[in-house]
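Reviewing the structure listed below.
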Amino acid sequence: MDAADWVNLSDEELLERKISQLGLKLEGTELEPLIRQLYDELTAKGLTFHPPCHIGDEWFVPVGIPAIFIPFYLVHERLRRLELKLILEVEGGTPEWFMKLIRHETAHAYAYAYQLTRKKKWQQTFGKTSPDDTPDTYRPRPYSRSYVMHLDDWYAQAHPDEDFAETFAVWLTPGLDWRQRYKGWKALQKLEYVDELMRSIAGKPPVHLPEYRVADHNCLNIKLKTHYARKRKLYEDVYPDFYDQDLKQLFAAGPEVTDRIKASAYLRERRRKLMHSVCQWTNEKKYRVNKLLSRLIDRCDKLDLYVRAADDAALNLQVSAYITTLVMNYLFTGKFKRTK
């Protein structure tokens with residue numbers, strides 16, 4: 001199927017199409033020069049292996065397979081618009097963001113291609129790794145200097161594999177003086193090891209290039225609506241229901257106040273600004289914060305809460321601070337999900 005056959009469909013019609021039938025290719029798209037940029041960065045470091053890239057449902061490298069799968073929605077602007085509408089953000093949707101993610105995935109491909117995790121010094125530096133005990137969640141220590149800062153959510157702390165991938169991505173980033181950036185950090189020792197390790201394999205071909213079928217890993221033989229139903233369910237982290245008393249304190253305009261509006265209407269009016277502000281300072285996904293706001297709006301309706309109709313700068317600040325605190329408390333007492 002050519003893009004001309006589906007690009008002008010309504011969202012409802014497009015969601016009924018199977019992803020595998022959209023005829024998506026990386027060749028000839030704006031992603032192609034970005035992939036070439038990655039290969040140029042590897043070549044500049046003396047590395048000869050250029051991981052093949054394919055289209056998948058999300059960003060990932062299959063276990064044991066040194067190949068990178070790039071989300072299908074990045075291939076076409078129409079699909080990016082749909083992703084933005086349904087998930088509220090497009091992961092990897094800018095060239096800078098794309099490069100950060102693909103450098104991270106490249107590290108996983110290199111780990112498989114050169115069997116790096118079997119090396120004793122790799123295990124001493126990053127820790128032992130095994131698919132049998134890979135956790136799905138992790139609890140970060142935001143102020144730790146033992147890990148580099150590359151992707152959001154302190155992702156280097158998720159697992160030894162991710163620690164290596166994030167360290168590799170920082171090491172590979174052009175123009176970044178990582179020795180100066182991480183001076184005095186324990187993470188610098190990891191960067192120095194990655195530098196030593198990559199120099200040792202520079203100019204050498206991979207030792208492990210198993211044959212594989214792309215179709216076994218692309219996960220695209222489903223309708224778009226099925227894909228997004230699964231993705232939204234995955235993103236719908238449940239924030240604990242402990243905020244009724246907080247909402248009653250925030251929105252306490254009683255019946256004696258004549259100039260008042262429903263608290264739910266107040267939140268709906270400021271919803272987009274609140275979502276962007278909270279996400280900016282917490283790095284939480286917009287879809288999850290938006291769902292939290294939906295729950296707060298619903299609770300305000302059920303509790304029949306009101307605020308003064310006049311725009312109150314102090315209340316605006318209190319509400320923004322409260323929602324940010326609610327998200328941060330959940331993040332640091334709950335668990336982050338491993339996704340990459």
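Identifiers in this document derive from the order of the structure tokens: chains are assigned A, B, ..., residues are numbered from 1 separately in each chain, and ligands are numbered from 1 in order of occurrence.
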
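Contact shell of region 249-251 of chain A at 8 Å (only C-alpha atoms; same-chain neighbours under 6 positions omitted): Ala263, Leu305, Tyr306, Val307, Leu315, Gln318 and Val319 of chain A.
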
Closest of A:Ala109, A:Leu188, A:Leu86, A:Val214 to Lys231 (chain A), counting only C-alpha atoms, is A:Leu86

Can you build me a table of region 168-251 of chain A residues sitting at most 9 Å from region 142-160 of chain A, with the closest atom pair per residue and its distance in Å to one decimal, using only C-alpha atoms, sorted by chain and residue number, as JSON lines?
```
{"residue": "A:Ala169", "atom": "CA", "partner": "A:His150", "partner_atom": "CA", "distance": 7.5}
{"residue": "A:Val170", "atom": "CA", "partner": "A:His150", "partner_atom": "CA", "distance": 6.6}
{"residue": "A:Tyr182", "atom": "CA", "partner": "A:Val148", "partner_atom": "CA", "distance": 7.8}
{"residue": "A:Gly184", "atom": "CA", "partner": "A:Arg145", "partner_atom": "CA", "distance": 8.6}
{"residue": "A:Trp185", "atom": "CA", "partner": "A:Arg145", "partner_atom": "CA", "distance": 5.2}
{"residue": "A:Lys186", "atom": "CA", "partner": "A:Ser146", "partner_atom": "CA", "distance": 4.7}
{"residue": "A:Ala187", "atom": "CA", "partner": "A:Ser146", "partner_atom": "CA", "distance": 4.5}
{"residue": "A:Leu188", "atom": "CA", "partner": "A:Ser146", "partner_atom": "CA", "distance": 8.1}
{"residue": "A:Gln189", "atom": "CA", "partner": "A:Ser146", "partner_atom": "CA", "distance": 8.9}
{"residue": "A:Lys190", "atom": "CA", "partner": "A:Tyr147", "partner_atom": "CA", "distance": 8.3}
{"residue": "A:Leu191", "atom": "CA", "partner": "A:Val148", "partner_atom": "CA", "distance": 8.6}
```

Listing only residues of region 175-284 of chain A within 8 Å of region 7-30 of chain A, what is the closest atom pair and its distance in Å (to one decimal) for each, using only C-alpha atoms, sorted by chain and residue number ascending, as a Markdown table?
```
| residue | atom | partner | partner_atom | distance |
| --- | --- | --- | --- | --- |
| A:Leu220 | CA | A:Ser20 | CA | 5.0 |
| A:Asn221 | CA | A:Ser20 | CA | 5.1 |
| A:Ile222 | CA | A:Lys18 | CA | 5.0 |
| A:Lys223 | CA | A:Lys18 | CA | 3.9 |
| A:Leu224 | CA | A:Leu15 | CA | 4.6 |
| A:Lys225 | CA | A:Leu15 | CA | 4.7 |
```

**OP:** Quick one: everything within 8 Å of Leu209 (chain A), counting only C-alpha atoms, minus sequence neighbours fewer than 4 positions away in the same chain. Send it as a PyMOL selection string.
**Re:** chain A and resi 65-66+113

Write out the residues from the selection above, keeping C-alpha atoms, as a PDB file, in the first residue's frame.
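Done, and the output landed in part11.pdb:
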```
ATOM      1  CA  ILE A  65      20.109  -9.730  17.577  1.00  0.00           C
ATOM      2  CA  PRO A  66      22.442  -6.831  16.668  1.00  0.00           C
ATOM      3  CA  ALA A 113      27.552  -8.187  17.961  1.00  0.00           C
TER       4      ALA A 113
END
```

Nearest to Val90 (chain A): which of A:Tyr114, A:Cys53, A:Asp163, A:Trp59 is it, counting only C-alpha atoms?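 Of the candidates, the smallest distance to Val90 (chain A) is held by A:Trp59.
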
Near region 195-203 of chain A, within 9 Å and counting only C-alpha atoms, which residues show up once chain neighbours fewer than 6 positions away are dropped, as a ChimeraX atom specification?
-> /A:45-49,114,116,122,168,171

DSSP helix (DSSP H, G or I) selection over region 189-233 of chain A, as a ChimeraX atom specification | /A:189-201,214-216,224-233
